[in-house]
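Engineer: What follows is input-v4.cif, mmCIF, C-alpha atoms and all ligand atoms.
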data_run
#
loop_
_atom_site.label_atom_id
_atom_site.label_comp_id
_atom_site.auth_asym_id
_atom_site.auth_seq_id
_atom_site.Cartn_x
_atom_site.Cartn_y
_atom_site.Cartn_z
CA MET P 216 -9.16 6.57 20.87
CA ILE P 217 -8.56 5.03 17.46
CA ASN P 218 -6.89 1.65 17.56
CA PRO P 219 -3.60 1.91 15.65
CA ASP P 220 -3.43 -1.85 14.94
CA ILE P 221 -3.75 -2.84 11.31
CA PRO P 222 -6.19 -5.73 11.26
CA TYR P 223 -5.73 -7.02 7.73
CA ASN P 224 -5.88 -10.61 8.91
CA SER P 225 -9.67 -10.35 8.93
CA ILE P 226 -10.00 -8.67 5.52
CA ALA P 227 -7.64 -11.04 3.71
CA LEU P 228 -10.55 -13.32 2.94
CA VAL P 229 -12.31 -10.71 0.82
CA TYR P 230 -9.35 -8.59 -0.33
CA ASP P 231 -8.89 -9.99 -3.84
CA GLU P 232 -12.53 -11.04 -4.05
CA PHE P 233 -13.49 -7.34 -4.07
CA GLY P 234 -10.62 -6.31 -6.33
CA LEU P 235 -8.62 -4.44 -3.70
CA ASP P 236 -5.40 -5.78 -5.20
CA GLU P 237 -6.15 -4.14 -8.56
CA PHE P 238 -4.83 -0.68 -7.70
CA SER P 239 -1.22 -1.80 -7.24
CA ILE P 240 -1.39 -3.82 -10.47
CA ARG P 241 -2.51 -0.65 -12.31
CA MET P 242 0.41 1.21 -10.74
CA ILE P 243 3.02 -1.08 -12.35
CA PRO P 244 2.86 0.20 -15.97
CA TYR P 245 2.39 3.75 -14.65
CA ILE P 246 5.54 3.59 -12.48
CA LYS P 247 7.42 1.94 -15.34
CA SER P 248 6.52 4.78 -17.66
CA ILE P 249 7.24 7.60 -15.18
CA LEU P 250 10.63 6.11 -14.32
CA GLY P 251 11.39 5.33 -17.96
CA ILE P 252 12.04 1.68 -17.17
CA LYS P 253 12.16 -0.44 -20.34
CA SER P 254 12.00 -3.75 -18.54
CA PHE P 255 11.94 -4.94 -14.94
CA ARG P 256 14.10 -7.91 -15.94
CA GLY P 257 16.97 -8.34 -13.49
CA MET P 258 15.87 -5.46 -11.26
CA LYS P 259 15.84 -6.00 -7.50
CA ILE P 260 12.50 -4.80 -6.16
CA LEU P 261 11.23 -4.57 -2.59
CA ASP P 262 7.44 -4.40 -2.19
CA LEU P 263 6.59 -2.99 1.24
CA ALA P 264 3.15 -3.99 2.58
CA CYS P 265 2.64 -6.35 -0.32
CA GLY P 266 -0.79 -7.52 0.84
CA THR P 267 -1.94 -10.56 -1.12
CA GLY P 268 1.12 -10.30 -3.36
CA SER P 269 -0.57 -9.51 -6.69
CA ALA P 270 1.81 -6.68 -7.62
CA ALA P 271 4.87 -8.56 -6.36
CA LEU P 272 3.94 -11.59 -8.47
CA GLU P 273 3.30 -9.42 -11.54
CA LEU P 274 6.72 -7.78 -11.12
CA ALA P 275 8.30 -11.24 -10.84
CA ASN P 276 6.34 -12.24 -13.93
CA GLN P 277 8.03 -9.35 -15.72
CA GLY P 278 11.46 -10.64 -14.71
CA ALA P 279 12.21 -8.76 -11.48
CA ASP P 280 13.84 -10.33 -8.45
CA VAL P 281 11.24 -9.46 -5.79
CA ILE P 282 11.17 -9.48 -2.00
CA ALA P 283 7.81 -8.59 -0.49
CA ILE P 284 7.03 -7.77 3.13
CA ASP P 285 3.77 -7.60 5.04
CA SER P 286 2.80 -7.96 8.68
CA SER P 287 -0.40 -9.87 8.04
CA GLU P 288 -0.05 -13.61 8.14
CA SER P 289 -3.38 -14.09 6.37
CA MET P 290 -2.53 -11.72 3.51
CA LEU P 291 0.83 -13.51 3.08
CA LYS P 292 -0.84 -16.91 3.16
CA LEU P 293 -2.91 -15.88 0.13
CA ALA P 294 0.17 -14.40 -1.56
CA ARG P 295 2.07 -17.68 -1.13
CA LYS P 296 -0.91 -19.65 -2.37
CA LYS P 297 -1.04 -17.53 -5.53
CA MET P 298 2.72 -17.95 -5.97
CA LYS P 299 2.35 -21.74 -5.78
CA ALA P 300 -0.33 -21.64 -8.44
CA SER P 301 1.95 -19.62 -10.72
CA SER P 302 5.45 -20.34 -11.92
CA ARG P 303 6.77 -17.11 -10.33
CA LYS P 304 9.12 -16.81 -7.38
CA VAL P 305 8.86 -14.04 -4.80
CA LYS P 306 10.41 -14.07 -1.35
CA PHE P 307 7.53 -13.19 0.99
CA ILE P 308 8.56 -12.11 4.49
CA GLN P 309 6.31 -11.50 7.47
CA ALA P 310 7.58 -8.38 9.23
CA ASP P 311 6.50 -5.01 10.56
CA LEU P 312 7.42 -2.14 8.23
CA ARG P 313 8.57 -0.11 11.20
CA THR P 314 11.29 -2.60 12.10
CA PHE P 315 11.85 -4.84 9.06
CA GLU P 316 15.27 -6.15 8.17
CA VAL P 317 16.21 -7.37 4.74
CA ASP P 318 19.50 -8.22 3.06
CA GLY P 319 20.81 -6.39 0.03
CA SER P 320 19.91 -3.18 -1.72
CA PHE P 321 17.22 -2.46 -4.26
CA ASP P 322 16.71 -0.71 -7.60
CA LEU P 323 13.10 -0.01 -6.73
CA ILE P 324 11.14 0.05 -3.48
CA LEU P 325 7.36 0.32 -3.54
CA CYS P 326 4.88 1.09 -0.79
CA LEU P 327 1.50 1.26 -2.52
CA PHE P 328 -2.23 1.71 -1.99
CA ASP P 329 -2.17 4.35 0.76
CA THR P 330 -0.23 2.05 3.07
CA LEU P 331 1.63 4.97 4.67
CA ASN P 332 -1.72 6.64 5.53
CA HIS P 333 -2.32 3.59 7.77
CA PHE P 334 0.37 4.87 10.13
CA ILE P 335 -1.30 7.55 12.16
CA HIS P 336 1.90 8.66 13.88
CA ILE P 337 4.21 10.58 11.59
CA ASN P 338 7.27 9.16 13.40
CA ASP P 339 6.28 5.73 12.10
CA VAL P 340 6.14 7.10 8.55
CA ARG P 341 9.58 8.66 9.04
CA ASN P 342 11.04 5.40 10.42
CA ILE P 343 9.62 3.38 7.54
CA LEU P 344 10.96 5.80 4.93
CA THR P 345 14.36 5.96 6.64
CA ASN P 346 14.56 2.19 6.83
CA ALA P 347 13.41 1.81 3.22
CA GLY P 348 15.72 4.57 1.97
CA SER P 349 18.73 2.87 3.54
CA ARG P 350 17.98 -0.21 1.38
CA LEU P 351 17.94 1.75 -1.89
CA LYS P 352 20.84 1.47 -4.31
CA SER P 353 22.40 4.88 -4.93
CA SER P 354 20.52 5.13 -8.23
CA GLY P 355 17.39 3.42 -6.85
CA ASP P 356 13.85 4.79 -6.65
CA LEU P 357 11.30 4.67 -3.87
CA VAL P 358 7.66 5.14 -4.81
CA PHE P 359 4.70 5.57 -2.48
CA ASP P 360 1.20 6.98 -2.78
CA LEU P 361 -0.94 8.73 -0.20
CA ASN P 362 -4.59 9.60 0.10
CA THR P 363 -4.96 13.33 0.64
CA HIS P 364 -7.14 15.38 2.99
CA TYR P 365 -9.26 16.27 -0.06
CA GLY P 366 -9.50 12.58 -1.04
CA PHE P 367 -10.69 11.56 2.42
CA ARG P 368 -13.21 14.43 2.51
CA LYS P 369 -14.52 13.55 -0.93
CA ASN P 370 -14.49 9.77 -0.76
CA TRP P 371 -14.48 8.77 2.92
CA ASP P 372 -16.77 11.22 4.68
CA ASN P 373 -19.88 9.27 5.76
CA TRP P 374 -19.84 7.07 2.74
CA ARG P 375 -21.50 3.66 2.59
CA VAL P 376 -21.26 1.10 -0.14
CA VAL P 377 -22.52 -2.45 -0.46
CA ARG P 378 -20.46 -4.85 -2.51
CA GLU P 379 -21.45 -8.33 -3.46
CA SER P 380 -19.53 -11.17 -5.06
CA ASP P 381 -20.52 -14.78 -5.71
CA ARG P 382 -19.33 -15.80 -2.25
CA PHE P 383 -19.65 -12.66 -0.12
CA TYR P 384 -21.92 -9.77 0.72
CA SER P 385 -20.20 -6.79 2.33
CA ILE P 386 -20.92 -3.36 3.75
CA TRP P 387 -18.22 -0.67 3.72
CA ASP P 388 -18.64 2.40 5.92
CA THR P 389 -16.25 5.30 6.16
CA VAL P 390 -16.01 8.34 8.40
CA TYR P 391 -13.54 11.20 8.32
CA ASP P 392 -12.66 13.54 11.16
CA THR P 393 -11.59 16.61 9.16
CA LYS P 394 -10.11 18.33 12.21
CA GLU P 395 -7.95 15.41 13.34
CA ARG P 396 -7.49 14.30 9.72
CA ILE P 397 -8.20 10.71 10.74
CA ALA P 398 -10.40 8.51 8.61
CA GLU P 399 -11.79 5.10 9.43
CA ILE P 400 -13.13 2.44 7.15
CA THR P 401 -15.22 -0.37 8.61
CA ILE P 402 -15.77 -3.44 6.50
CA ARG P 403 -18.35 -6.05 7.42
CA ALA P 404 -18.32 -9.17 5.28
CA PHE P 405 -20.82 -12.02 5.28
CA SER P 406 -20.38 -15.29 3.47
CA LYS P 407 -23.32 -16.51 1.48
CA SER P 408 -24.42 -19.91 2.60
CA LYS P 409 -27.57 -21.33 1.05
CA ASN P 410 -30.28 -18.88 2.07
CA GLN P 411 -28.41 -17.18 4.86
CA LEU P 412 -25.58 -14.74 5.41
CA ILE P 413 -22.93 -15.74 7.94
CA LYS P 414 -20.72 -13.05 9.39
CA ALA P 415 -17.20 -13.67 8.09
CA ALA P 416 -15.26 -10.53 9.06
CA GLU P 417 -15.61 -7.16 10.66
CA VAL P 418 -12.76 -4.79 10.74
CA THR P 419 -12.03 -1.09 11.19
CA VAL P 420 -8.92 0.41 9.64
CA PRO P 421 -7.81 3.95 10.53
CA GLU P 422 -5.88 6.17 8.14
CA ARG P 423 -4.41 9.64 8.54
CA ALA P 424 -4.18 12.44 5.98
CA TYR P 425 -0.77 14.10 5.88
CA THR P 426 -0.32 17.57 4.44
CA SER P 427 2.12 17.99 1.58
CA SER P 428 4.45 19.98 3.83
CA GLU P 429 4.40 17.16 6.42
CA VAL P 430 5.24 14.67 3.67
CA LYS P 431 8.05 16.85 2.31
CA LYS P 432 9.57 17.33 5.78
CA THR P 433 9.28 13.65 6.61
CA VAL P 434 10.85 12.55 3.34
CA LYS P 435 13.71 14.99 3.87
CA SER P 436 14.30 13.81 7.42
CA ALA P 437 14.47 10.25 6.08
CA SER P 438 17.47 11.35 3.95
CA LEU P 439 15.45 11.12 0.76
CA ASN P 440 14.62 13.66 -1.93
CA ILE P 441 11.32 13.91 -3.72
CA VAL P 442 12.14 13.86 -7.42
CA GLU P 443 8.54 14.07 -8.70
CA VAL P 444 5.03 14.22 -7.24
CA PHE P 445 1.93 13.64 -9.33
CA GLU P 446 -1.73 13.16 -8.86
CA CYS P 447 -1.82 9.39 -8.82
CA LEU P 448 -1.91 7.61 -12.18
CA SER P 449 -1.41 10.88 -14.05
CA THR P 450 1.37 13.29 -14.95
CA LYS P 451 -0.57 16.22 -13.50
CA PRO P 452 1.07 18.08 -10.60
CA PRO P 453 -1.01 17.68 -7.44
CA ASP P 454 -3.45 20.44 -6.58
CA ALA P 455 -6.03 21.06 -3.86
CA ASP P 456 -8.47 18.69 -5.59
CA SER P 457 -6.11 15.73 -5.95
CA PRO P 458 -7.54 12.73 -4.04
CA ARG P 459 -4.34 10.68 -4.09
CA ASN P 460 -0.74 11.66 -4.83
CA VAL P 461 2.25 9.57 -5.77
CA TYR P 462 5.79 10.42 -4.67
CA PHE P 463 8.93 9.39 -6.56
CA CYS P 464 11.99 9.64 -4.30
CA LYS P 465 15.71 8.98 -4.37
CA ARG P 466 18.35 8.85 -1.67
CA ALA P 467 19.39 12.38 -0.82
CA TRP P 468 23.06 11.66 -1.52
CA GLY P 469 22.31 9.42 -4.51
CA ILE P 470 21.17 12.16 -6.89
C1 LIG Q 1 -4.05 -1.17 1.72
S1 LIG Q 1 -3.18 -2.66 1.94
C2 LIG Q 1 -2.08 -2.56 0.54
C3 LIG Q 1 -1.60 -3.93 0.13
C4 LIG Q 1 -0.92 -3.98 -1.25
N1 LIG Q 1 0.21 -3.07 -1.31
C5 LIG Q 1 -1.92 -3.66 -2.32
O1 LIG Q 1 -1.74 -2.65 -3.02
O2 LIG Q 1 -2.88 -4.43 -2.49
C6 LIG Q 1 -2.13 -2.28 3.30
C7 LIG Q 1 -1.22 -3.43 3.68
O3 LIG Q 1 -0.35 -2.96 4.70
C8 LIG Q 1 -0.10 -4.03 5.59
N2 LIG Q 1 0.38 -3.44 6.83
C9 LIG Q 1 -0.30 -2.62 7.64
N3 LIG Q 1 0.47 -2.28 8.68
C10 LIG Q 1 1.66 -2.89 8.52
C11 LIG Q 1 2.86 -2.91 9.24
N4 LIG Q 1 3.01 -2.24 10.40
N5 LIG Q 1 3.90 -3.64 8.77
C12 LIG Q 1 3.78 -4.35 7.62
N6 LIG Q 1 2.65 -4.36 6.88
C13 LIG Q 1 1.60 -3.63 7.32
C14 LIG Q 1 -1.44 -4.72 5.71
O4 LIG Q 1 -1.32 -6.03 6.21
C15 LIG Q 1 -1.93 -4.66 4.27
O5 LIG Q 1 -1.58 -5.81 3.55
#
Show the structure stored in the file as structure tokens.

Structural biologist:
Amino acid sequence: MINPDIPYNSIALVYDEFGLDEFSIRMIPYIKSILGIKSFRGMKILDLACGTGSAALELANQGADVIAIDSSESMLKLARKKMKASSRKVKFIQADLRTFEVDGSFDLILCLFDTLNHFIHINDVRNILTNAGSRLKSSGDLVFDLNTHYGFRKNWDNWRVVRESDRFYSIWDTVYDTKERIAEITIRAFSKSKNQLIKAAEVTVPERAYTSSEVKKTVKSASLNIVEVFECLSTKPPDADSPRNVYFCKRAWGI
């Protein structure tokens, strides 16, 4: 039985070190261009599962008023540390996406870097989207990306990579159960200390592939409409060989 807990507390240490925060940073100009946003200045943005806060801080840097939520204390600790070192202000909140509460309504809500794949029960995805959708302004946009079945088969099926930074050595192993559509990534990190490696973290994160019809149904049942879907970071409609897709949604009654 795959453990549904999301153990990002252990990976926080190496998250930015291995550039895992870079994807959401790359998504910012892309989302801006797809949505035709000239400037984020004055926009109210909610970043769901903000991780170490890199995207939230960049949005604040570009003038947005940002609230960012994550369940991992360690990821948020790093986010707050980065905020202190910058002159930006983001309200970081520790909460579970399935039950979060936040005041106000938002022009833009983001849930990036296959975060929704981390929820292996589709009811959780529906609850998160419903909760998020209810916080959107009537003209607001909700954007999320998902790894696809094809993406997991191509990139996660018995794949091993070793990554090294100045401070850490790490081994990343992935497996994908094509029948159950459940993937798992195991990350083992070792800190380099003089001539020896000391185990610093070991964590396994499960993710589920959802079919496009499951996503469409779930979005609809969350009272949202999909306005556009693209292969991530492109303007190409998704096809059977798209490894990751991005969904642009609005409130069903807001269109
Ligand atoms: C792949 S990371 C993405 C982080 C960030 N959006 C980025 O692009 O770097 C997934 C994030 O989801 C958070 N997360 C997982 N389950 C969660 C939950 N139930 N509630 C809130 N955050 C959760 C993890 O702590 C982690 O920071």

Engineer: Please identify all polymer residues within 7 Å of P:Leu331, counting all atoms listed in the file, omitting same-chain residues fewer than 2 positions from it, and present them as a ChimeraX atom specification.

Structural biologist: /P:329,333-334,340,361

Engineer: With only C-alpha atoms and all ligand atoms as the basis for distance, which of P:Ser320, P:Ser248, P:Ser457, P:Asn342 is at the shortest distance from ligand LIG 1 (chain Q)?

Structural biologist: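 The answer is P:Asn342, which sits nearest to ligand LIG 1 (chain Q).
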
Engineer: Which residues are close to P:Ala294, i.e. within 9 Å by all atoms listed in the file, leaving aside same-chain residues fewer than 6 positions away? Reply as a count of residues only.

Structural biologist: 8

Engineer: Please, what distance in Å, to one decimal, runs between atom CA of P:Thr433 and atom CA of P:His336?

Structural biologist: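 Pair atom CA of P:Thr433 / atom CA of P:His336 returns 11.5 Å.
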
Engineer: Calculate how many Å separate atom C8 of ligand LIG 1 (chain Q) from atom CA of P:Pro453, rounding to one decimal.

Structural biologist: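 That distance, rounded to one decimal, is 25.3 Å.
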
Engineer: At what distance in Å, to one decimal, does atom CA of P:Lys369 lie from atom CA of P:Ile343?

Structural biologist: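 Distance between the two atoms: 27.5 Å.
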
Engineer: Under the rule that only C-alpha atoms are counted, which of P:Lys247, P:Lys435, P:Lys451, P:Lys259 is the nearest residue to P:Ile324?

Structural biologist: P:Lys259
